[in-house]
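A.B. asks: Handing you a structure now.
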Amino acid sequence: MKRIPNIMLSAFRNTCTTLCSHHFLNPKPYFPLFLISTQNISLPNSTSLSKPRYCHSTFFSMTSGADSPNPSSEKLEKQFEDFRVRLEESGNLKERIRAVATEIDSVTRLIYASLLLVHQSRPVAEVIEKAKSQIGVLKELYSRLSEIVSECPGQYYRYHGDWKSETQTVVSLLAFMHWLETGTLVLHSEVEEKLGLTPTEFGLDVDDYLIGICFMSNELPRYVVNQVTAGDYDCPRKVLKFLTDLHAAFRMLNLRNDFLRKKFDGMKYDLRKVEEVFYDVKIRGLVANGDSGGAKQAQGQS
């Protein structure tokens with residue numbers, strides 16, 4: 001084998017020194033064996049190359065930063081802890097409101113069952129007296145509901161959806177009872193008085209009142225048919241006049257395309273059904289030619 005010239009060996013040593021000085025981290029550097037065997041070349045210790053050289057202060061700062069508390073993380077945790085407490089309190093409040101609303105619904109079912117007897121030609125005074133016995137229970141339930149809502153001032157409409165459906169039914173029943181007694185419409189303030197509500201603290205929402213009145217009008221066509229069947233031929237005229245005035249009053253409102261508007265549109269069909277019964281009775285000569293102004297007015301508006 002030919003010996004390698006000294007100039008090549010000198011270049012090889014310079015190359016190895018340069019690689020080692022730049023901290024080449026390969027623990028087992030590869031060199032051609034035929035070159036190593038030619039001269040006694042000393043290489044850096046492989047163990048020293050296998051250990052990366054980190055600055056002690058830099059490593060300490062990295063580890064200490066991971067263990068130190070993060071202010072933004074603490075704020076985030078505190079915020080969601082507050083959310084958790086608020087949601088639990090709101091959930092408990094909703095459960096209490098729904099429990100009272102369920103009781104109100106049970107009472108309204110009893111009242112409605114009593115009022116259904118009026119369609120069977122039972123005496124109106126007897127039917128209303130039985131239904132009125134439950135108004136005191138409703139007043140007590142709304143008092144409890146008001147106490148629950150007062151625990152969160154300014155949040156009336158946040159929880160209003162949990163009892164509005166039951167309230168609309170209550171208004172319709174009270175309005176129907178009032179009409180059976182007086183033949184007139186119960187006022188908003190009168191409903192609040194019957195239920196023990198106060199406008200400044202826990203009042204009756206206007207939409208709930210209006211929707212309840214629309215529900216009440218749905219009972220009138222059935223009532224008219226049953227009364228005529230029982231021999232009361234003047235009932236269609238009275239109901240027609242009442243519905244005509246009520247329909248005209250609703251026309252004063254600028255109703256949007258919502259649930260109230262749909263219920264008001266249904267009132268037109270109630271009015272038309274009563275008109276048909278009235279005209280049929282009048283054509284058959286079962287009613288005297290008396291006050292027909294209500295019929296003419298209703299025909300002009302329908």
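Chain lettering (A, B, ...) mirrors the order of the structure tokens, residue numbering begins at 1 for each chain separately, and ligand numbering begins at 1 in order of display.
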Write out as a PyMOL selection string the set of residues from range 83-294 of chain A that DSSP, computed on the backbone, places in helix (DSSP H, G or I).
C.D. replies: chain A and resi 83-120+124-132+135-149+156-162+164-182+188-195+206-217+220-229+235-250+259-283+293-294
A.B. asks: Excluding range 140-153 of chain A and any residue of its chain fewer than 6 positions from it, enumerate the residues within 10 Å of it, using only C-alpha atoms, and give them as a ChimeraX atom specification.
C.D. replies: /A:90,93-94,96-101,103-104,107,159-160,163,167,195-198,201-203
A.B. asks: Using only C-alpha atoms, find the one residue out of A:Glu89, A:Glu77, A:Asp245, A:Asp232 that sits nearest to Leu286 in chain A.
C.D. replies: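 Of A:Glu89, A:Glu77, A:Asp245, A:Asp232, the one nearest Leu286 in chain A is A:Asp232, counting only C-alpha atoms.
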A.B. asks: Find the residues near Phe176 in chain A: any atom within 9 Å, counting only C-alpha atoms, skip ones fewer than 2 places away on the same chain, and give them as a list in words.
C.D. replies: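 Those residues are Leu115, Val171, Ser172, Leu173, Leu174, His178, Trp179, Leu180, Glu181, Leu185, Val186, Ile213, Met216, Ser217, Glu219 and Leu220 of chain A.
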A.B. asks: I need the residues from that last selection saved to file as a PDB file, in the first residue's frame (with N, CA and C atoms), if you can.
C.D. replies:
ATOM      1  N   LEU A 115    -115.763  25.454  32.997  1.00  0.00           N
ATOM      2  CA  LEU A 115    -116.394  26.334  32.012  1.00  0.00           C
ATOM      3  C   LEU A 115    -116.956  25.565  30.826  1.00  0.00           C
ATOM      4  N   VAL A 171    -105.546  34.301  31.161  1.00  0.00           N
ATOM      5  CA  VAL A 171    -106.243  35.494  30.668  1.00  0.00           C
ATOM      6  C   VAL A 171    -107.463  35.095  29.851  1.00  0.00           C
ATOM      7  N   SER A 172    -107.329  34.088  29.005  1.00  0.00           N
ATOM      8  CA  SER A 172    -108.469  33.671  28.178  1.00  0.00           C
ATOM      9  C   SER A 172    -109.627  33.169  29.036  1.00  0.00           C
ATOM     10  N   LEU A 173    -109.327  32.427  30.088  1.00  0.00           N
ATOM     11  CA  LEU A 173    -110.385  31.903  30.952  1.00  0.00           C
ATOM     12  C   LEU A 173    -111.055  33.022  31.751  1.00  0.00           C
ATOM     13  N   LEU A 174    -110.254  33.936  32.281  1.00  0.00           N
ATOM     14  CA  LEU A 174    -110.825  35.060  33.025  1.00  0.00           C
ATOM     15  C   LEU A 174    -111.673  35.945  32.112  1.00  0.00           C
ATOM     16  N   HIS A 178    -115.640  36.643  32.497  1.00  0.00           N
ATOM     17  CA  HIS A 178    -116.115  38.030  32.589  1.00  0.00           C
ATOM     18  C   HIS A 178    -117.162  38.308  31.521  1.00  0.00           C
ATOM     19  N   TRP A 179    -116.978  37.787  30.323  1.00  0.00           N
ATOM     20  CA  TRP A 179    -117.957  38.021  29.261  1.00  0.00           C
ATOM     21  C   TRP A 179    -119.284  37.313  29.561  1.00  0.00           C
ATOM     22  N   LEU A 180    -119.189  36.114  30.113  1.00  0.00           N
ATOM     23  CA  LEU A 180    -120.423  35.405  30.458  1.00  0.00           C
ATOM     24  C   LEU A 180    -121.225  36.169  31.507  1.00  0.00           C
ATOM     25  N   GLU A 181    -120.529  36.871  32.385  1.00  0.00           N
ATOM     26  CA  GLU A 181    -121.215  37.631  33.444  1.00  0.00           C
ATOM     27  C   GLU A 181    -121.763  38.958  32.950  1.00  0.00           C
ATOM     28  N   LEU A 185    -115.746  43.077  27.557  1.00  0.00           N
ATOM     29  CA  LEU A 185    -114.358  42.598  27.597  1.00  0.00           C
ATOM     30  C   LEU A 185    -113.698  42.981  28.917  1.00  0.00           C
ATOM     31  N   VAL A 186    -112.995  42.053  29.525  1.00  0.00           N
ATOM     32  CA  VAL A 186    -112.251  42.351  30.734  1.00  0.00           C
ATOM     33  C   VAL A 186    -111.026  43.180  30.358  1.00  0.00           C
ATOM     34  N   ILE A 213    -106.862  37.146  24.954  1.00  0.00           N
ATOM     35  CA  ILE A 213    -108.161  37.597  24.432  1.00  0.00           C
ATOM     36  C   ILE A 213    -108.479  36.880  23.114  1.00  0.00           C
ATOM     37  N   MET A 216    -109.741  33.537  23.876  1.00  0.00           N
ATOM     38  CA  MET A 216    -111.111  33.592  24.352  1.00  0.00           C
ATOM     39  C   MET A 216    -112.101  33.652  23.194  1.00  0.00           C
ATOM     40  N   SER A 217    -111.755  34.386  22.151  1.00  0.00           N
ATOM     41  CA  SER A 217    -112.666  34.499  21.011  1.00  0.00           C
ATOM     42  C   SER A 217    -112.876  33.164  20.316  1.00  0.00           C
ATOM     43  N   GLU A 219    -113.631  30.446  21.691  1.00  0.00           N
ATOM     44  CA  GLU A 219    -114.705  29.726  22.363  1.00  0.00           C
ATOM     45  C   GLU A 219    -116.092  30.232  21.971  1.00  0.00           C
ATOM     46  N   LEU A 220    -116.165  31.436  21.424  1.00  0.00           N
ATOM     47  CA  LEU A 220    -117.472  32.059  21.176  1.00  0.00           C
ATOM     48  C   LEU A 220    -118.280  31.393  20.061  1.00  0.00           C
TER      49      LEU A 220
END
A.B. asks: Within 9 Å of range 268-282 of chain A, counting only C-alpha atoms, which residues qualify if same-chain residues fewer than 3 places away don't, as a PyMOL selection string?
C.D. replies: chain A and resi 217-222+224-225+228+233-237+239-240+243-244+247+264-265+285-289+295+298-299+302
A.B. asks: Could you please take those selected residues and save N, CA and C atoms as a PDB file, in the first residue's frame?
C.D. replies:
ATOM      1  N   SER A 217    -111.755  34.386  22.151  1.00  0.00           N
ATOM      2  CA  SER A 217    -112.666  34.499  21.011  1.00  0.00           C
ATOM      3  C   SER A 217    -112.876  33.164  20.316  1.00  0.00           C
ATOM      4  N   ASN A 218    -111.940  32.228  20.448  1.00  0.00           N
ATOM      5  CA  ASN A 218    -112.108  30.905  19.833  1.00  0.00           C
ATOM      6  C   ASN A 218    -113.254  30.112  20.449  1.00  0.00           C
ATOM      7  N   GLU A 219    -113.631  30.446  21.691  1.00  0.00           N
ATOM      8  CA  GLU A 219    -114.705  29.726  22.363  1.00  0.00           C
ATOM      9  C   GLU A 219    -116.092  30.232  21.971  1.00  0.00           C
ATOM     10  N   LEU A 220    -116.165  31.436  21.424  1.00  0.00           N
ATOM     11  CA  LEU A 220    -117.472  32.059  21.176  1.00  0.00           C
ATOM     12  C   LEU A 220    -118.280  31.393  20.061  1.00  0.00           C
ATOM     13  N   PRO A 221    -117.685  31.009  18.928  1.00  0.00           N
ATOM     14  CA  PRO A 221    -118.517  30.339  17.912  1.00  0.00           C
ATOM     15  C   PRO A 221    -119.157  29.060  18.432  1.00  0.00           C
ATOM     16  N   ARG A 222    -118.442  28.266  19.189  1.00  0.00           N
ATOM     17  CA  ARG A 222    -119.024  27.046  19.752  1.00  0.00           C
ATOM     18  C   ARG A 222    -120.142  27.391  20.728  1.00  0.00           C
ATOM     19  N   VAL A 224    -122.057  30.004  20.681  1.00  0.00           N
ATOM     20  CA  VAL A 224    -123.216  30.493  19.941  1.00  0.00           C
ATOM     21  C   VAL A 224    -124.024  29.326  19.382  1.00  0.00           C
ATOM     22  N   VAL A 225    -123.361  28.362  18.776  1.00  0.00           N
ATOM     23  CA  VAL A 225    -124.061  27.208  18.188  1.00  0.00           C
ATOM     24  C   VAL A 225    -124.831  26.446  19.259  1.00  0.00           C
ATOM     25  N   VAL A 228    -127.932  28.468  20.441  1.00  0.00           N
ATOM     26  CA  VAL A 228    -129.028  28.438  19.464  1.00  0.00           C
ATOM     27  C   VAL A 228    -129.717  27.079  19.498  1.00  0.00           C
ATOM     28  N   TYR A 233    -132.079  32.254  20.632  1.00  0.00           N
ATOM     29  CA  TYR A 233    -131.834  32.753  19.280  1.00  0.00           C
ATOM     30  C   TYR A 233    -131.279  34.175  19.250  1.00  0.00           C
ATOM     31  N   ASP A 234    -131.271  34.839  20.390  1.00  0.00           N
ATOM     32  CA  ASP A 234    -130.715  36.195  20.442  1.00  0.00           C
ATOM     33  C   ASP A 234    -129.214  36.193  20.745  1.00  0.00           C
ATOM     34  N   CYS A 235    -128.707  35.046  21.140  1.00  0.00           N
ATOM     35  CA  CYS A 235    -127.273  34.957  21.479  1.00  0.00           C
ATOM     36  C   CYS A 235    -126.359  35.299  20.299  1.00  0.00           C
ATOM     37  N   PRO A 236    -126.616  34.832  19.062  1.00  0.00           N
ATOM     38  CA  PRO A 236    -125.727  35.193  17.943  1.00  0.00           C
ATOM     39  C   PRO A 236    -125.604  36.687  17.731  1.00  0.00           C
ATOM     40  N   ARG A 237    -126.701  37.425  17.908  1.00  0.00           N
ATOM     41  CA  ARG A 237    -126.632  38.879  17.727  1.00  0.00           C
ATOM     42  C   ARG A 237    -125.716  39.527  18.759  1.00  0.00           C
ATOM     43  N   VAL A 239    -123.248  38.112  20.506  1.00  0.00           N
ATOM     44  CA  VAL A 239    -121.852  37.696  20.294  1.00  0.00           C
ATOM     45  C   VAL A 239    -121.278  38.384  19.060  1.00  0.00           C
ATOM     46  N   LEU A 240    -122.081  38.513  18.035  1.00  0.00           N
ATOM     47  CA  LEU A 240    -121.608  39.171  16.814  1.00  0.00           C
ATOM     48  C   LEU A 240    -121.239  40.622  17.081  1.00  0.00           C
ATOM     49  N   LEU A 243    -117.873  40.598  19.106  1.00  0.00           N
ATOM     50  CA  LEU A 243    -116.708  40.251  18.291  1.00  0.00           C
ATOM     51  C   LEU A 243    -116.391  41.330  17.259  1.00  0.00           C
ATOM     52  N   THR A 244    -117.437  41.979  16.748  1.00  0.00           N
ATOM     53  CA  THR A 244    -117.211  43.062  15.782  1.00  0.00           C
ATOM     54  C   THR A 244    -116.464  44.222  16.433  1.00  0.00           C
ATOM     55  N   HIS A 247    -112.848  43.041  17.170  1.00  0.00           N
ATOM     56  CA  HIS A 247    -112.040  42.978  15.946  1.00  0.00           C
ATOM     57  C   HIS A 247    -111.638  44.383  15.486  1.00  0.00           C
ATOM     58  N   PHE A 264    -104.620  36.941  15.859  1.00  0.00           N
ATOM     59  CA  PHE A 264    -105.585  37.958  15.447  1.00  0.00           C
ATOM     60  C   PHE A 264    -106.230  37.585  14.111  1.00  0.00           C
ATOM     61  N   ASP A 265    -105.435  37.036  13.189  1.00  0.00           N
ATOM     62  CA  ASP A 265    -106.002  36.588  11.919  1.00  0.00           C
ATOM     63  C   ASP A 265    -107.037  35.484  12.148  1.00  0.00           C
ATOM     64  N   GLY A 285    -136.242  33.275  10.379  1.00  0.00           N
ATOM     65  CA  GLY A 285    -137.255  34.009  11.107  1.00  0.00           C
ATOM     66  C   GLY A 285    -137.316  33.666  12.573  1.00  0.00           C
ATOM     67  N   LEU A 286    -136.202  33.190  13.124  1.00  0.00           N
ATOM     68  CA  LEU A 286    -136.167  32.806  14.534  1.00  0.00           C
ATOM     69  C   LEU A 286    -135.816  33.974  15.442  1.00  0.00           C
ATOM     70  N   VAL A 287    -135.469  35.115  14.872  1.00  0.00           N
ATOM     71  CA  VAL A 287    -135.121  36.285  15.660  1.00  0.00           C
ATOM     72  C   VAL A 287    -135.847  37.486  15.074  1.00  0.00           C
ATOM     73  N   ALA A 288    -136.280  38.395  15.921  1.00  0.00           N
ATOM     74  CA  ALA A 288    -136.995  39.577  15.458  1.00  0.00           C
ATOM     75  C   ALA A 288    -136.060  40.536  14.762  1.00  0.00           C
ATOM     76  N   ASN A 289    -136.602  41.372  13.883  1.00  0.00           N
ATOM     77  CA  ASN A 289    -135.801  42.374  13.193  1.00  0.00           C
ATOM     78  C   ASN A 289    -135.501  43.523  14.146  1.00  0.00           C
ATOM     79  N   ALA A 295    -124.438  43.310  12.728  1.00  0.00           N
ATOM     80  CA  ALA A 295    -124.217  42.446  11.578  1.00  0.00           C
ATOM     81  C   ALA A 295    -123.725  43.237  10.378  1.00  0.00           C
ATOM     82  N   ALA A 298    -120.091  44.251  10.950  1.00  0.00           N
ATOM     83  CA  ALA A 298    -119.190  43.117  10.783  1.00  0.00           C
ATOM     84  C   ALA A 298    -119.014  42.757   9.317  1.00  0.00           C
ATOM     85  N   GLN A 299    -120.119  42.847   8.530  1.00  0.00           N
ATOM     86  CA  GLN A 299    -120.025  42.541   7.118  1.00  0.00           C
ATOM     87  C   GLN A 299    -119.133  43.538   6.385  1.00  0.00           C
ATOM     88  N   SER A 302    -115.325  42.581   7.355  1.00  0.00           N
ATOM     89  CA  SER A 302    -114.808  41.256   7.009  1.00  0.00           C
ATOM     90  C   SER A 302    -114.415  41.170   5.541  1.00  0.00           C
TER      91      SER A 302
END
A.B. asks: In Å, rounded to a single decimal, give me how far CA of Leu210 in chain A is from CA of Lys241 in chain A.
C.D. replies: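 Going from CA of Lys241 in chain A over to CA of Leu210 in chain A covers 18.9 Å.
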A.B. asks: For range 207-228 of chain A against range 121-131 of chain A, with a cut-off of 10 Å and counting only C-alpha atoms, what is the closest atom pair and its distance in Å to one decimal for every residue that makes the cut, ordered by chain and number, as a tab-separated table?
C.D. replies:
residue	atom	partner	partner_atom	distance
A:Tyr223	CA	A:Ser121	CA	9.4
A:Asn226	CA	A:Ser121	CA	7.4
A:Gln227	CA	A:Ser121	CA	7.0
